[in-house]
Number of protein chains: 2
Amino acid sequence: MPGHKRNAGCGMDTALFFDHDITEIDDFDNLHDARDIIMDCQNRANALYKAGETYFLVNGSTCGVLSAISAVTDDGDTILTARNCHKSLYHAAYLRNLKLEYLYPQRISGYDFCGAVKPEDIDAALKAGTSIKAVFITSPTYEGVYSDVRAIADIAHSYGVPLIVDEAHGAHLGISDRISEGAIEGGADIVIHSLHKTLPSITQTALLHVNGTIVDRNRLKRFLRIYQTSSPSYLMMASIDDCITYMAANGNLWADSLMSYHDKIIDATRQLQHLEIPDDKIVNDPCKVVISCRNTSISGSQLYDLLRTRYALQPEMACETYVLMIITGMDTIEGIDRLIEAVEDIDRRLGSAAFEDKFESVPLSNPNWCRELHQFEPSVTRFARDMRLKNDTLSTDTAPKAIKTLRDAWDSGFEEVILESAVGRIAGDFVNLYPPGIPIIVPGEEISQDIVSTIRDSLSKGLNVQGISETGKIRVIT
Amino acid sequence: MPGHKRNAGCGMDTALFFDHDITEIDDFDNLHDARDIIMDCQNRANALYKAGETYFLVNGSTCGVLSAISAVTDDGDTILTARNCHKSLYHAAYLRNLKLEYLYPQRISGYDFCGAVKPEDIDAALKAGTSIKAVFITSPTYEGVYSDVRAIADIAHSYGVPLIVDEAHGAHLGISDRISEGAIEGGADIVIHSLHKTLPSITQTALLHVNGTIVDRNRLKRFLRIYQTSSPSYLMMASIDDCITYMAANGNLWADSLMSYHDKIIDATRQLQHLEIPDDKIVNDPCKVVISCRNTSISGSQLYDLLRTRYALQPEMACETYVLMIITGMDTIEGIDRLIEAVEDIDRRLGSAAFEDKFESVPLSNPNWCRELHQFEPSVTRFARDMRLKNDTLSTDTAPKAIKTLRDAWDSGFEEVILESAVGRIAGDFVNLYPPGIPIIVPGEEISQDIVSTIRDSLSKGLNVQGISETGKIRVIT
């Protein structure tokens with residue numbers, strides 16, 4: 001293996017990958033029992049991040065979250081988590097039959113995204129719920145909000161409980177003095193990094209770091225073996241190692257580029273009349289640029305479309321009142337300038353007459369710019385817009401009550417009923433609002449009148465509510 | 001995302017991957033809810049294999065097995081499986097808290113590997129064990145032995161039970177009239193294909209096919225979402241699609257090449273005096289070349305070393321009495337000729353004096369040939385030989401008794417005791433013999449005197465027994 005035999009003669013586009021694609025032959029170690037070159041690679045990553053131990057992940061942060069949660073829990077245990085966590089946390093809870101206690105981070109005043117998890121809320125929850133086996137938080141959030149990991153770690157440890165930080169969006173934290181410290185330095189017991197989100201590594205690559213002695217590392221390694229393929233990709237591992245080597249040598253340069261891009265955007269857009277780009281007091285992470293249109297006549301979705309179709313800029317996602325962009329040290333100053341000019345141009349036009357008049361004089365971009373850039377086939381064209389979001393980011397003010405565990409409920413028989421007759425029933429599936437993707441209801445929770453109203457309200461606004469059938473029905477357990 | 005921004009300026013080796021590496025932006029669909037280009041890709045794969053429905057896997061066949069087993073079972077259910085299955089089946093049993101009933105395929109007479117699973121054994125087991133919820137078999141095996149999937153599917157269906165076939169090694173089956181039909185045509189309900197093992201696709205790429213109505217497809221899709229990253233690699237998906245496109249256009253050509261390579265090897269080596277290469281009556285799969293040294297003075301491991309160090313040929317694996325090579329339609333006739341010449345040369349030398357004399361006149365290959373071929377750094381050199389095997393292939397004649405479920409036992413407290421005092425205790429971890437990797441004992445099974453003797457015997461032969469500590473202790477539950 002591999003079956004392509006590194007034979008590019010098949011004339012495929014992707015044949016260029018074959019040169020680096022090997023398997024666990026002599027000299028090439030084994031990810032699942034690393035002793036040689038892969039151990040050396042993991043040690044290089046560990047030296048960069050200074051954790052207790054570091055493992056390569058080839059199934060994304062997802063398998064890191066599944067493994068971390070599985071390693072610190074037994075069947076029926078309870079986890080304390082912020083509700084705005086990635087779906088892999090819910091999946092881990094399902095697989096391990098866990099109970100979930102939620103924290104509901106407050107929205108940041110004036111913006112539609114979650115703020116930090118408060119240490120005092122963690123403390124109160126741990127004081128009240130003595131059976132909690134681990135604390136799980138996401139920091140930074142999708143929108144770049146940091147929680148005080150150092151304070152939260154101290155609190156968790158004072159109760160003898162491990163802190164797991166989903167730092168998928170923060171692999172660049174602490175990489176230079178110019179960027180805030182990360183969760184490893186802050187004292188978290190397990191930290192999960194997506195490398196592809198902000199660093200130069202290919203998609204689906206990630207790291208899991210473990211610190212201290214609370215977490216049983218053998219148990220953790222067992223679950224990494226369970227949730228990852230037994231034929232891990234050497235392309236991915238090579239990309240991770242290249243990324244680490246590059247960041248170890250050029251971390252300061254990378255951070256200087258990022259900070260100069262970030263500061264230039266903030267400085268240049270302070271005088272906007274309609275749009276707003278909050279600075280690092282609100283959006284802490286310099287990789288995230290939130291463009292708020294809360295005080296304009298356009299929605300985040302319209303702003304997203306404008307950036308994409310008229311200015312050939314690809315935003316990361318749109319919510320009702322903002323668009324999120326991601327910048328990294330690998331961007332170019334030309335790209336940053338294009339973004340600034342586009343935002344300034346949109347802002348100017350927002351001051352003029354009707355929406356249609358404002359932008360129709362801006363020529364449409366070549367509609368193929370994105371697929372041409374990515375060298376995909378012309379057949380690759382239609383939109384799959386509503387699928388573009390997969391990360392959960394907003395809080396809800398509704399706190400449903402769990403009657404059954406996620407595991408029991410998701411595995412139960414179910415029926416579909418119209419929304420209004422679901423009040424008092426137990427949810428049989430997730431209902432998520434995209435964006436931001438935070439669950440309105442989780443299987444096992446009681447469907448209240450409030451929940452039904454929230455769902456109805458979202459549907460009537462034309463928002464994308466997943467988990468409601470085309471005929472408007474919701475799944476409840478029988 | 002991705003954070004590399006397709007900026008090859010970082011000067012990394014792997015920067016060439018970046019061109020094709022994107023994420024779920026507009027136009028690029030979402031693997032976990034495919035409606036557009038990824039659905040088109042999956043449909044092309046489905047058209048090639050003619051299954052009910054086909055899904056791309058980016059976490060290898062491993063996530064296919066986990067998802068398939070999870071989809072057809074509930075907590076505490078029983079699965080019927082051949083003992084020589086991949087470890088992911090054991091992992092699925094652990095995650096879902098399943099009971100396992102085993103079939104022990106007979107060894108093929110004169111060779112050290114398992115034969116086919118017999119339909120009559122399946123029938124007898126289903127007749128006896130009415131609570132069995134699914135049948136799971138591996139066909140072809142690592143060594144290329146086919147089971148009669150068509151007959152087994154009929155039997156399973158006569159009991160209303162789904163058949164899951166781990167066809168990881170047989171993605172080429174049925175690709176042309178010159179190669180036997182695969183498990184999809186044979187009527188299996190779920191079939192899992194590794195693409196990278198025999199077809200031109202990168203490592204970690206796989207497919208899952210579902211047929212008929214016994215399997216709940218929504219439930220299956222739920223588990224595919226759980227066990228795979230939420231940021232799937234577009235490099236992998238592009239490679240899968242390229243592979244499918246290539247095989248759809250060139251399947252006959254590919255098969256003709258493979259069959260001509262296979263037939264040439266078999267024909268050219270019929271007259272060997274010492275080594276033997278069994279033909280397709282024993283090794284059914286034309287991709288597999290077993291070189292048996294059972295009637296020679298050298299072991300499989302020594303033969304492996306000779307091929308590698310003196311003839312610069314990379315075998316797939318070595319067992320006590322044979323070496324396994326994999327050939328595909330992407331091999332070259334020059335490579336096949338080199339293999340034939342090497343086998344003939346070794347065979348000639350085996351007729352002469354002592355082992356040391358026979359081969360020292362064969363010059364050592366450039367010790368760096370493999371790493372130079374794969375373009376890895378010179379630091380990538382030391383051997384990790386004993387890690388090269390990861391697939392389970394041999395039967396055992398010992399049938400241990402399960403006292404506790406795998407889940408309960410693997411999660412129990414444990415202690416390590418010397419082998420002889422473990423008799424009568426319950427195993428707390430797997431003990432595997434590598435190669436071939438089949439478990440001697442599974443957590444939850446009673447350790448008998450026979451088991452202890454088998455382990456002692458293997459250790460005294462210097463074989464690689466995993467699960468026994470360096471001080472010779474075994475893990476038992478307390």
# chains A, B, ... in the order shown; residues from 1 in each chain; ligands from 1
$ closest_atom_pairs --of "stretch 79-138 of chain B" --to "stretch 66-75 of chain B" --cutoff "10 Å" --atoms "only C-alpha atoms" --output "tab-separated table"
residue	atom	partner	partner_atom	distance
B:Ile79	CA	B:Thr73	CA	8.3
B:Ser88	CA	B:Leu66	CA	6.4
B:Leu89	CA	B:Leu66	CA	6.8
B:Tyr90	CA	B:Leu66	CA	9.2
B:His91	CA	B:Leu66	CA	7.4
B:Ala92	CA	B:Leu66	CA	5.0
B:Ala93	CA	B:Ile69	CA	7.8
B:Tyr94	CA	B:Asp75	CA	10.0
B:Leu95	CA	B:Ser70	CA	8.4
B:Arg96	CA	B:Asp75	CA	5.4
B:Asn97	CA	B:Asp75	CA	5.4
B:Leu98	CA	B:Asp75	CA	6.3
B:Lys99	CA	B:Asp75	CA	9.3
B:Ile132	CA	B:Thr73	CA	9.8
B:Lys133	CA	B:Thr73	CA	6.7
B:Ala134	CA	B:Val72	CA	7.0
B:Val135	CA	B:Ile69	CA	9.5
B:Phe136	CA	B:Ile69	CA	8.5
$ write_last_selection --atoms "N, CA, C and O atoms" --output "PDB file, in the first residue's frame"
ATOM      1  N   ILE B  79     -23.290  -9.348  18.375  1.00  0.00           N
ATOM      2  CA  ILE B  79     -22.835  -9.372  16.975  1.00  0.00           C
ATOM      3  C   ILE B  79     -22.124 -10.699  16.728  1.00  0.00           C
ATOM      4  O   ILE B  79     -21.374 -11.163  17.587  1.00  0.00           O
ATOM      5  N   SER B  88     -11.098  -2.257  14.668  1.00  0.00           N
ATOM      6  CA  SER B  88     -12.209  -1.310  14.761  1.00  0.00           C
ATOM      7  C   SER B  88     -13.517  -2.021  15.132  1.00  0.00           C
ATOM      8  O   SER B  88     -14.399  -1.401  15.729  1.00  0.00           O
ATOM      9  N   LEU B  89     -13.649  -3.288  14.782  1.00  0.00           N
ATOM     10  CA  LEU B  89     -14.846  -4.041  15.189  1.00  0.00           C
ATOM     11  C   LEU B  89     -14.857  -4.191  16.716  1.00  0.00           C
ATOM     12  O   LEU B  89     -15.897  -4.015  17.363  1.00  0.00           O
ATOM     13  N   TYR B  90     -13.713  -4.475  17.295  1.00  0.00           N
ATOM     14  CA  TYR B  90     -13.629  -4.570  18.756  1.00  0.00           C
ATOM     15  C   TYR B  90     -13.899  -3.213  19.403  1.00  0.00           C
ATOM     16  O   TYR B  90     -14.536  -3.119  20.444  1.00  0.00           O
ATOM     17  N   HIS B  91     -13.395  -2.176  18.759  1.00  0.00           N
ATOM     18  CA  HIS B  91     -13.629  -0.832  19.298  1.00  0.00           C
ATOM     19  C   HIS B  91     -15.116  -0.463  19.241  1.00  0.00           C
ATOM     20  O   HIS B  91     -15.651   0.144  20.168  1.00  0.00           O
ATOM     21  N   ALA B  92     -15.773  -0.823  18.152  1.00  0.00           N
ATOM     22  CA  ALA B  92     -17.215  -0.576  18.048  1.00  0.00           C
ATOM     23  C   ALA B  92     -17.952  -1.333  19.142  1.00  0.00           C
ATOM     24  O   ALA B  92     -18.878  -0.804  19.775  1.00  0.00           O
ATOM     25  N   ALA B  93     -17.537  -2.567  19.389  1.00  0.00           N
ATOM     26  CA  ALA B  93     -18.180  -3.370  20.435  1.00  0.00           C
ATOM     27  C   ALA B  93     -17.996  -2.718  21.796  1.00  0.00           C
ATOM     28  O   ALA B  93     -18.902  -2.716  22.631  1.00  0.00           O
ATOM     29  N   TYR B  94     -16.816  -2.140  22.009  1.00  0.00           N
ATOM     30  CA  TYR B  94     -16.564  -1.439  23.273  1.00  0.00           C
ATOM     31  C   TYR B  94     -17.469  -0.215  23.400  1.00  0.00           C
ATOM     32  O   TYR B  94     -18.154  -0.028  24.410  1.00  0.00           O
ATOM     33  N   LEU B  95     -17.485   0.606  22.340  1.00  0.00           N
ATOM     34  CA  LEU B  95     -18.260   1.856  22.418  1.00  0.00           C
ATOM     35  C   LEU B  95     -19.748   1.582  22.600  1.00  0.00           C
ATOM     36  O   LEU B  95     -20.432   2.337  23.284  1.00  0.00           O
ATOM     37  N   ARG B  96     -20.250   0.516  21.956  1.00  0.00           N
ATOM     38  CA  ARG B  96     -21.679   0.231  21.999  1.00  0.00           C
ATOM     39  C   ARG B  96     -22.026  -0.814  23.062  1.00  0.00           C
ATOM     40  O   ARG B  96     -23.173  -1.257  23.132  1.00  0.00           O
ATOM     41  N   ASN B  97     -21.027  -1.239  23.829  1.00  0.00           N
ATOM     42  CA  ASN B  97     -21.242  -2.232  24.894  1.00  0.00           C
ATOM     43  C   ASN B  97     -21.915  -3.498  24.347  1.00  0.00           C
ATOM     44  O   ASN B  97     -22.930  -3.960  24.870  1.00  0.00           O
ATOM     45  N   LEU B  98     -21.326  -4.061  23.310  1.00  0.00           N
ATOM     46  CA  LEU B  98     -21.894  -5.234  22.641  1.00  0.00           C
ATOM     47  C   LEU B  98     -21.291  -6.525  23.174  1.00  0.00           C
ATOM     48  O   LEU B  98     -20.182  -6.538  23.688  1.00  0.00           O
ATOM     49  N   LYS B  99     -22.040  -7.596  22.998  1.00  0.00           N
ATOM     50  CA  LYS B  99     -21.483  -8.931  23.199  1.00  0.00           C
ATOM     51  C   LYS B  99     -21.029  -9.442  21.834  1.00  0.00           C
ATOM     52  O   LYS B  99     -21.665  -9.189  20.819  1.00  0.00           O
ATOM     53  N   ILE B 132     -28.723 -12.569  17.992  1.00  0.00           N
ATOM     54  CA  ILE B 132     -27.691 -11.920  17.170  1.00  0.00           C
ATOM     55  C   ILE B 132     -28.335 -10.848  16.290  1.00  0.00           C
ATOM     56  O   ILE B 132     -29.298 -11.106  15.587  1.00  0.00           O
ATOM     57  N   LYS B 133     -27.773  -9.624  16.341  1.00  0.00           N
ATOM     58  CA  LYS B 133     -28.362  -8.493  15.633  1.00  0.00           C
ATOM     59  C   LYS B 133     -27.711  -8.203  14.286  1.00  0.00           C
ATOM     60  O   LYS B 133     -28.279  -7.485  13.466  1.00  0.00           O
ATOM     61  N   ALA B 134     -26.497  -8.726  14.057  1.00  0.00           N
ATOM     62  CA  ALA B 134     -25.826  -8.489  12.775  1.00  0.00           C
ATOM     63  C   ALA B 134     -24.677  -9.464  12.613  1.00  0.00           C
ATOM     64  O   ALA B 134     -24.143  -9.977  13.603  1.00  0.00           O
ATOM     65  N   VAL B 135     -24.341  -9.724  11.349  1.00  0.00           N
ATOM     66  CA  VAL B 135     -23.184 -10.564  11.026  1.00  0.00           C
ATOM     67  C   VAL B 135     -22.128  -9.659  10.401  1.00  0.00           C
ATOM     68  O   VAL B 135     -22.436  -8.833   9.537  1.00  0.00           O
ATOM     69  N   PHE B 136     -20.886  -9.815  10.865  1.00  0.00           N
ATOM     70  CA  PHE B 136     -19.778  -8.989  10.382  1.00  0.00           C
ATOM     71  C   PHE B 136     -18.652  -9.904   9.924  1.00  0.00           C
ATOM     72  O   PHE B 136     -18.162 -10.712  10.711  1.00  0.00           O
TER      73      PHE B 136
END
$ residues_around --residues "stretch 428-430 of chain A" --least-positions-apart "5" --cutoff "6 Å" --atoms "only C-alpha atoms" --output "MDAnalysis selection string"
chainID A and resid 409:410 441:443 467 475:477
$ residues_around --residues "B:Ser131" --least-positions-apart "3" --cutoff "9 Å" --atoms "only C-alpha atoms" --output "VMD selection string"
chain B and resid 77 to 79 126 128
$ write_last_selection --atoms "all heavy atoms" --output "short mmCIF file (atom, residue, chain, number, x, y, z; two decimals), in the first residue's frame"
data_model
loop_
_atom_site.label_atom_id
_atom_site.label_comp_id
_atom_site.auth_asym_id
_atom_site.auth_seq_id
_atom_site.Cartn_x
_atom_site.Cartn_y
_atom_site.Cartn_z
N ASP B 77 -26.45 -5.38 22.71
CA ASP B 77 -26.76 -6.34 21.64
C ASP B 77 -25.58 -7.28 21.37
O ASP B 77 -24.46 -7.04 21.80
CB ASP B 77 -27.10 -5.59 20.34
CG ASP B 77 -28.54 -5.07 20.34
OD1 ASP B 77 -29.31 -5.46 21.24
OD2 ASP B 77 -28.87 -4.26 19.46
N THR B 78 -25.87 -8.31 20.58
CA THR B 78 -24.85 -9.30 20.22
C THR B 78 -24.58 -9.25 18.72
O THR B 78 -25.49 -9.13 17.90
CB THR B 78 -25.33 -10.71 20.59
OG1 THR B 78 -25.59 -10.74 22.00
CG2 THR B 78 -24.27 -11.76 20.26
N ILE B 79 -23.29 -9.35 18.37
CA ILE B 79 -22.83 -9.37 16.98
C ILE B 79 -22.12 -10.70 16.73
O ILE B 79 -21.37 -11.16 17.59
CB ILE B 79 -21.83 -8.22 16.73
CG1 ILE B 79 -22.50 -6.87 16.82
CG2 ILE B 79 -21.10 -8.38 15.41
CD1 ILE B 79 -23.15 -6.42 15.54
N LEU B 126 -26.39 -18.56 13.80
CA LEU B 126 -27.64 -17.80 13.83
C LEU B 126 -28.78 -18.66 14.36
O LEU B 126 -29.68 -18.17 15.05
CB LEU B 126 -27.98 -17.26 12.43
CG LEU B 126 -27.12 -16.08 11.98
CD1 LEU B 126 -27.36 -15.79 10.50
CD2 LEU B 126 -27.42 -14.83 12.81
N ALA B 128 -28.45 -21.01 16.56
CA ALA B 128 -28.24 -21.18 18.01
C ALA B 128 -28.44 -19.88 18.77
O ALA B 128 -29.00 -19.87 19.87
CB ALA B 128 -26.85 -21.73 18.26
#
$ closest_residue --among "A:Ile202, A:Leu103, A:Leu364, A:Ile403" --to "A:Met237" --atoms "only C-alpha atoms"
A:Ile202
$ select_by_dssp --residues "stretch 295-325 of chain B" --states "strand (DSSP E)" --output "PyMOL selection string"
chain B and resi 317-318+322-325
$ closest_residue --among "A:Tyr227, A:Phe359, A:Trp254, A:Tyr234" --to "A:Thr62" --atoms "only C-alpha atoms"
A:Tyr227
$ residues_around --residues "B:Arg83" --least-positions-apart "2" --cutoff "6 Å" --atoms "only C-alpha atoms" --output "PyMOL selection string"
chain B and resi 85+102-104
$ closest_residue --among "B:Thr81, B:Glu185, B:Ser233, B:Tyr111" --to "B:Glu24" --atoms "only C-alpha atoms"
B:Ser233
$ residues_around --residues "stretch 203-214 of chain B" --least-positions-apart "5" --cutoff "6 Å" --atoms "only C-alpha atoms" --output "MDAnalysis selection string"
(chainID A and resid 231:233) or (chainID B and resid 51:61 189:196)
$ write_last_selection --atoms "C-alpha atoms" --output "PDB file, in the first residue's frame"
ATOM      1  CA  SER A 231      -4.352   4.011   8.315  1.00  0.00           C
ATOM      2  CA  PRO A 232      -3.525   7.617   9.161  1.00  0.00           C
ATOM      3  CA  SER A 233      -2.523   9.916   6.322  1.00  0.00           C
TER       4      SER A 233
ATOM      5  CA  ALA B  51     -24.979   0.173  -4.326  1.00  0.00           C
ATOM      6  CA  GLY B  52     -28.131   1.596  -2.764  1.00  0.00           C
ATOM      7  CA  GLU B  53     -26.256   4.617  -1.469  1.00  0.00           C
ATOM      8  CA  THR B  54     -22.553   5.498  -1.148  1.00  0.00           C
ATOM      9  CA  TYR B  55     -20.771   7.787   1.323  1.00  0.00           C
ATOM     10  CA  PHE B  56     -17.229   9.166   1.239  1.00  0.00           C
ATOM     11  CA  LEU B  57     -15.129   8.428   4.324  1.00  0.00           C
ATOM     12  CA  VAL B  58     -12.199  10.656   5.334  1.00  0.00           C
ATOM     13  CA  ASN B  59     -11.312   8.725   8.484  1.00  0.00           C
ATOM     14  CA  GLY B  60     -10.569   5.450   6.724  1.00  0.00           C
ATOM     15  CA  SER B  61     -12.450   2.185   6.834  1.00  0.00           C
ATOM     16  CA  ASP B 189     -26.296  -4.711   3.513  1.00  0.00           C
ATOM     17  CA  ILE B 190     -23.268  -2.576   4.327  1.00  0.00           C
ATOM     18  CA  VAL B 191     -19.928  -2.772   2.525  1.00  0.00           C
ATOM     19  CA  ILE B 192     -16.811  -0.836   3.524  1.00  0.00           C
ATOM     20  CA  HIS B 193     -14.028  -0.134   1.001  1.00  0.00           C
ATOM     21  CA  SER B 194     -10.599   1.264   1.692  1.00  0.00           C
ATOM     22  CA  LEU B 195      -9.665   3.010  -1.527  1.00  0.00           C
ATOM     23  CA  HIS B 196      -6.002   3.515  -0.776  1.00  0.00           C
TER      24      HIS B 196
END
